[in-house]
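**Student:** Handing you a structure now.
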Amino acid sequence: MKFNILYLLFPAALAACFWIASDFQYQSVNSFFGIAETEPRSLNFDHDIAVREVFVKTGDLVKQGDTLATFYRAELDERSLENLSELQLTETERAAEYAILEKEKALVRTRLSADLRELYTEISLLVTEDSLNAIFRGSVYPDLKPAANKIVADKMEALGKQMDELQKSAREEISILESKQAALGAVASVRKAGTKAAQLQVETEKNRLFLIAPIDGYVESVLVARNSLVRAFTELMKINPQSPNMVVGFIHEASDAPLVVGQEVELVSFNRPEITCKGRITSINPRMTELPLRLRKFIEMRSWGREVYIGLPQENRYYISEKITINLPTH
């Protein structure tokens, strides 16, 4: 009986198919591959601005906290001038009204002084007249004992009460005017406090007219130039970290790996297995996407699965676009 070589090739073909299928599903249900990537930071500003100066260009290395550009907002200068004018106007109005009330107080005192002098004069006349009458009576009736003139005494008492009433009324008027002055000062203080608070906000906004590097990295693109006008929230620059800050993994559609957002995983460099670190799953894309060529065993064979995003610690030794093995915990 002649031996047919197909009997040997058929099991080998089955084994190869099994191996290829296993490769598409990665090493095991608890292991799959990914690529270390950088997520660039897009920088913008929350107001319409004019670019005053740009200090970097594409490709420059920057450190966190470096000043990348400075801006100008004309409305801040306008608001600052308005606030200064408001402070001056408030103080001018307060001083003018205060001076008017001071003059009214002086007028009350002057009027009181005049009225009191008039009453003092009347009292003086009464005393003089009463003295002359007493002398006349004494000369006509030398033996008659002098007696107090009740009419004159009553008049003098009435004039004294009138003086007291005038002084009391003047004190009340002055007290009212002083209360108005105090209220005027309080209102002016409140207005000035509000204006100063508004000016403080303007100064705070002016101190924000700088574009600061949020991370260490390199400038991927600069989209503005000196003296250009930019609308709010328009992208100004893009900065990329110098080392990867995330891993984009790909888990085969046939795999039922227990993935949970927030789960800690082990990350191992595919070509440098001594480089390892821990990462944490930040999100899982529920949509099926095609496996990147870089992660295929056979480029001609297409396969699909879900993308898994894993955050990397800031300090790591991976290269950008390096192939990473992602291991899930076995327990």
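Convention: chains lettered A, B, ... in structure tokens order; per-chain residue numbering from 1; ligands numbered from 1 as shown.
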Mind the document's chain letters and residue numbers, and return as a VMD selection string the residues of stretch 44-248 of chain A that DSSP labels strand (DSSP E).
**Tutor:** chain A and resid 49 to 54 61 to 62 67 to 72 210 to 212 217 to 222 229 to 230 237 to 240 246 to 248
**Student:** Please save N, CA, C and O atoms of the selected residues as a short mmCIF file (atom, residue, chain, number, x, y, z; two decimals), in the first residue's frame.
**Tutor:**
data_model
loop_
_atom_site.label_atom_id
_atom_site.label_comp_id
_atom_site.auth_asym_id
_atom_site.auth_seq_id
_atom_site.Cartn_x
_atom_site.Cartn_y
_atom_site.Cartn_z
N ILE A 49 -8.27 87.14 22.29
CA ILE A 49 -6.99 87.74 22.68
C ILE A 49 -6.24 88.23 21.45
O ILE A 49 -6.53 87.84 20.31
N ALA A 50 -5.27 89.10 21.72
CA ALA A 50 -4.25 89.44 20.73
C ALA A 50 -2.94 88.85 21.24
O ALA A 50 -2.62 88.97 22.42
N VAL A 51 -2.20 88.20 20.35
CA VAL A 51 -0.94 87.57 20.75
C VAL A 51 0.14 88.64 20.77
O VAL A 51 0.44 89.25 19.74
N ARG A 52 0.71 88.87 21.92
CA ARG A 52 1.74 89.90 22.06
C ARG A 52 3.12 89.35 21.67
O ARG A 52 3.88 89.99 20.96
N GLU A 53 3.45 88.15 22.15
CA GLU A 53 4.77 87.57 21.89
C GLU A 53 4.68 86.05 21.94
O GLU A 53 3.92 85.49 22.74
N VAL A 54 5.41 85.38 21.06
CA VAL A 54 5.52 83.91 21.07
C VAL A 54 6.99 83.57 21.29
O VAL A 54 7.86 84.05 20.57
N LEU A 61 12.01 72.01 22.98
CA LEU A 61 11.76 71.31 24.24
C LEU A 61 11.37 72.32 25.30
O LEU A 61 11.97 73.41 25.40
N VAL A 62 10.36 72.01 26.08
CA VAL A 62 9.89 72.92 27.12
C VAL A 62 9.76 72.17 28.44
O VAL A 62 9.59 70.94 28.46
N THR A 67 7.05 79.85 30.13
CA THR A 67 6.13 80.76 29.45
C THR A 67 6.28 80.57 27.95
O THR A 67 7.37 80.77 27.39
N LEU A 68 5.21 80.19 27.30
CA LEU A 68 5.23 79.91 25.86
C LEU A 68 4.85 81.13 25.03
O LEU A 68 5.36 81.32 23.92
N ALA A 69 3.93 81.95 25.56
CA ALA A 69 3.47 83.13 24.83
C ALA A 69 2.82 84.09 25.82
O ALA A 69 2.42 83.70 26.92
N THR A 70 2.74 85.35 25.42
CA THR A 70 2.02 86.35 26.21
C THR A 70 0.93 86.97 25.34
O THR A 70 1.07 87.05 24.11
N PHE A 71 -0.15 87.40 26.01
CA PHE A 71 -1.32 87.90 25.29
C PHE A 71 -1.68 89.31 25.74
O PHE A 71 -1.11 89.85 26.70
N TYR A 72 -2.65 89.88 25.03
CA TYR A 72 -3.14 91.23 25.35
C TYR A 72 -4.65 91.24 25.15
O TYR A 72 -5.15 90.69 24.17
N PHE A 210 -0.80 84.80 30.07
CA PHE A 210 0.42 84.06 29.75
C PHE A 210 0.02 82.64 29.39
O PHE A 210 -0.87 82.07 30.02
N LEU A 211 0.67 82.08 28.39
CA LEU A 211 0.46 80.67 28.06
C LEU A 211 1.60 79.89 28.69
O LEU A 211 2.77 80.08 28.33
N ILE A 212 1.26 79.02 29.64
CA ILE A 212 2.25 78.29 30.43
C ILE A 212 2.25 76.82 30.03
O ILE A 212 1.19 76.21 29.85
N GLY A 217 7.91 68.49 27.75
CA GLY A 217 7.70 67.86 26.45
C GLY A 217 8.31 68.68 25.34
O GLY A 217 9.18 69.52 25.57
N TYR A 218 7.82 68.43 24.16
CA TYR A 218 8.29 69.21 23.00
C TYR A 218 7.08 69.80 22.27
O TYR A 218 5.97 69.25 22.32
N VAL A 219 7.31 70.93 21.63
CA VAL A 219 6.24 71.65 20.94
C VAL A 219 5.97 70.96 19.61
O VAL A 219 6.83 70.94 18.72
N GLU A 220 4.79 70.38 19.48
CA GLU A 220 4.43 69.68 18.25
C GLU A 220 4.02 70.67 17.17
O GLU A 220 4.36 70.50 15.99
N SER A 221 3.28 71.71 17.56
CA SER A 221 2.83 72.70 16.57
C SER A 221 2.55 74.03 17.25
O SER A 221 2.13 74.08 18.41
N VAL A 222 2.83 75.10 16.53
CA VAL A 222 2.51 76.47 16.97
C VAL A 222 1.57 77.05 15.92
O VAL A 222 1.94 77.18 14.75
N LEU A 229 -4.75 88.01 16.03
CA LEU A 229 -5.98 88.05 16.83
C LEU A 229 -6.59 86.65 16.84
O LEU A 229 -6.75 86.03 15.78
N VAL A 230 -6.94 86.19 18.03
CA VAL A 230 -7.39 84.80 18.17
C VAL A 230 -8.71 84.77 18.93
O VAL A 230 -8.87 85.44 19.96
N MET A 237 -1.45 76.07 20.57
CA MET A 237 -0.26 75.22 20.46
C MET A 237 -0.63 73.81 20.86
O MET A 237 -1.67 73.57 21.47
N LYS A 238 0.28 72.89 20.51
CA LYS A 238 0.11 71.50 20.92
C LYS A 238 1.46 71.01 21.44
O LYS A 238 2.49 71.20 20.79
N ILE A 239 1.43 70.42 22.65
CA ILE A 239 2.66 69.93 23.27
C ILE A 239 2.55 68.43 23.48
O ILE A 239 1.53 67.93 23.98
N ASN A 240 3.61 67.74 23.11
CA ASN A 240 3.66 66.29 23.31
C ASN A 240 4.65 65.96 24.41
O ASN A 240 5.72 66.57 24.49
N MET A 246 0.45 56.90 27.80
CA MET A 246 -0.67 55.97 27.74
C MET A 246 -0.29 54.78 26.85
O MET A 246 0.66 54.86 26.05
N VAL A 247 -0.99 53.69 27.03
CA VAL A 247 -0.85 52.51 26.17
C VAL A 247 -2.22 52.24 25.56
O VAL A 247 -3.23 52.19 26.27
N VAL A 248 -2.23 52.10 24.23
CA VAL A 248 -3.47 51.72 23.54
C VAL A 248 -3.37 50.22 23.25
O VAL A 248 -2.57 49.78 22.41
#
**Student:** Need to verify the contact set: A:Thr282, 9 Å, only C-alpha atoms, exclusion of same-chain residues closer than 4 positions in sequence. Can you return it as a PyMOL selection string?
**Tutor:** chain A and resi 260-263+308-311
**Student:** Give me a file of those residues, with C-alpha atoms, as a PDB file, in the first residue's frame.
**Tutor:**
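part-v3.pdb, written as the output of this step:
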ATOM      1  CA  VAL A 260     -12.770  46.737  34.307  1.00  0.00           C
ATOM      2  CA  VAL A 261     -12.118  50.491  34.192  1.00  0.00           C
ATOM      3  CA  GLY A 262      -9.722  51.337  37.007  1.00  0.00           C
ATOM      4  CA  GLN A 263      -8.193  47.858  36.989  1.00  0.00           C
ATOM      5  CA  VAL A 308      -8.294  49.425  25.704  1.00  0.00           C
ATOM      6  CA  TYR A 309      -6.727  52.644  27.026  1.00  0.00           C
ATOM      7  CA  ILE A 310      -4.253  52.339  29.873  1.00  0.00           C
ATOM      8  CA  GLY A 311      -2.708  55.233  31.764  1.00  0.00           C
TER       9      GLY A 311
END
**Student:** Using only C-alpha atoms, which residues sit within 9 Å of stretch 184-192 of chain A once same-chain residues fewer than 4 positions away are excluded, as a list in words?
**Tutor:**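 Contacts, in chain order: Glu86, Leu87, Thr90, Glu91, Glu93, Arg94, Glu97, Tyr98, Ser179, Lys180, Lys196 and Ala197 of chain A.
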**Student:** Those residues you just picked out, can you put them in a file as a short mmCIF file (atom, residue, chain, number, x, y, z; two decimals), in the first residue's frame with N, CA and C atoms?
**Tutor:**
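Done, and the output landed in again.cif:
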data_model
loop_
_atom_site.label_atom_id
_atom_site.label_comp_id
_atom_site.auth_asym_id
_atom_site.auth_seq_id
_atom_site.Cartn_x
_atom_site.Cartn_y
_atom_site.Cartn_z
N GLU A 86 -14.25 105.55 38.10
CA GLU A 86 -15.34 105.37 39.06
C GLU A 86 -14.88 105.68 40.48
N LEU A 87 -13.66 105.26 40.84
CA LEU A 87 -13.11 105.58 42.16
C LEU A 87 -12.97 107.08 42.35
N THR A 90 -16.47 108.69 42.63
CA THR A 90 -17.08 108.41 43.94
C THR A 90 -16.50 109.31 45.02
N GLU A 91 -15.18 109.45 45.03
CA GLU A 91 -14.53 110.29 46.03
C GLU A 91 -14.86 111.76 45.83
N GLU A 93 -17.63 113.01 44.43
CA GLU A 93 -19.02 113.21 44.85
C GLU A 93 -19.12 113.23 46.37
N ARG A 94 -18.44 112.30 47.03
CA ARG A 94 -18.48 112.25 48.50
C ARG A 94 -17.93 113.54 49.09
N GLU A 97 -20.43 116.55 48.45
CA GLU A 97 -21.63 116.50 49.30
C GLU A 97 -21.26 116.69 50.77
N TYR A 98 -20.12 116.16 51.17
CA TYR A 98 -19.66 116.35 52.55
C TYR A 98 -19.43 117.83 52.83
N SER A 179 -25.28 112.80 60.69
CA SER A 179 -25.74 111.46 60.30
C SER A 179 -25.73 111.31 58.78
N LYS A 180 -26.13 112.38 58.09
CA LYS A 180 -26.09 112.36 56.63
C LYS A 180 -24.64 112.21 56.14
N LYS A 196 -13.05 98.52 43.77
CA LYS A 196 -11.72 97.93 44.01
C LYS A 196 -11.75 96.42 43.77
N ALA A 197 -12.87 95.78 44.15
CA ALA A 197 -12.99 94.34 43.89
C ALA A 197 -13.01 94.06 42.39
#
**Student:** Could you state the separation of atom CA of A:Met156 and atom CA of A:Val127 in Å, given to one decimal place?
**Tutor:**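 Those two atoms sit 8.7 Å apart.
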**Student:** Select, from A:Ile324, A:Val108, A:Ile299, A:Ala213, the residue with the minimum atom-to-atom distance to A:Lys278, counting only C-alpha atoms.
**Tutor:**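 The answer is A:Ile324, which sits nearest to A:Lys278.
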**Student:** Need the shell around stretch 158-174 of chain A: protein/DNA/RNA residues with any atom at most 9 Å away, counting only C-alpha atoms. Skip same-chain ones fewer than 4 positions apart. Format as a list in words?
**Tutor:**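 Listing them by chain and then by number gives Glu104, Lys105, Ala106, Val108, Arg109, Arg111, Leu112, Asp115, Leu116, Leu119, Tyr120, Glu122, Ile123, Ala153, Asp154, Glu178 and Ser179 of chain A.
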**Student:** Write out as a list in words each polymer residue whose atoms come within 10 Å of A:Arg317, counting only C-alpha atoms; drop sequence neighbours fewer than 4 positions from it.
**Tutor:**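 Close residues of A:Arg317: Ser243, Pro244, Ser269, Ile275, Thr276 and Cys277 of chain A.
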**Student:** Residues of stretch 33-198 of chain A classed as helix (DSSP H, G or I) by DSSP on the backbone are to be reported as a PyMOL selection string.
**Tutor:** chain A and resi 74-140+150-198
**Student:** Interatomic distance between atom CA of A:Ala193 and atom CA of A:Ala74?
**Tutor:**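 According to the coordinates, atom CA of A:Ala193 and atom CA of A:Ala74 are separated by 23.9 Å.
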**Student:** Rounded to one decimal, what separation in Å do you get between atom CA of A:Asn30 and atom CA of A:Leu328?
**Tutor:**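 Pair atom CA of A:Asn30 / atom CA of A:Leu328 returns 5.0 Å.
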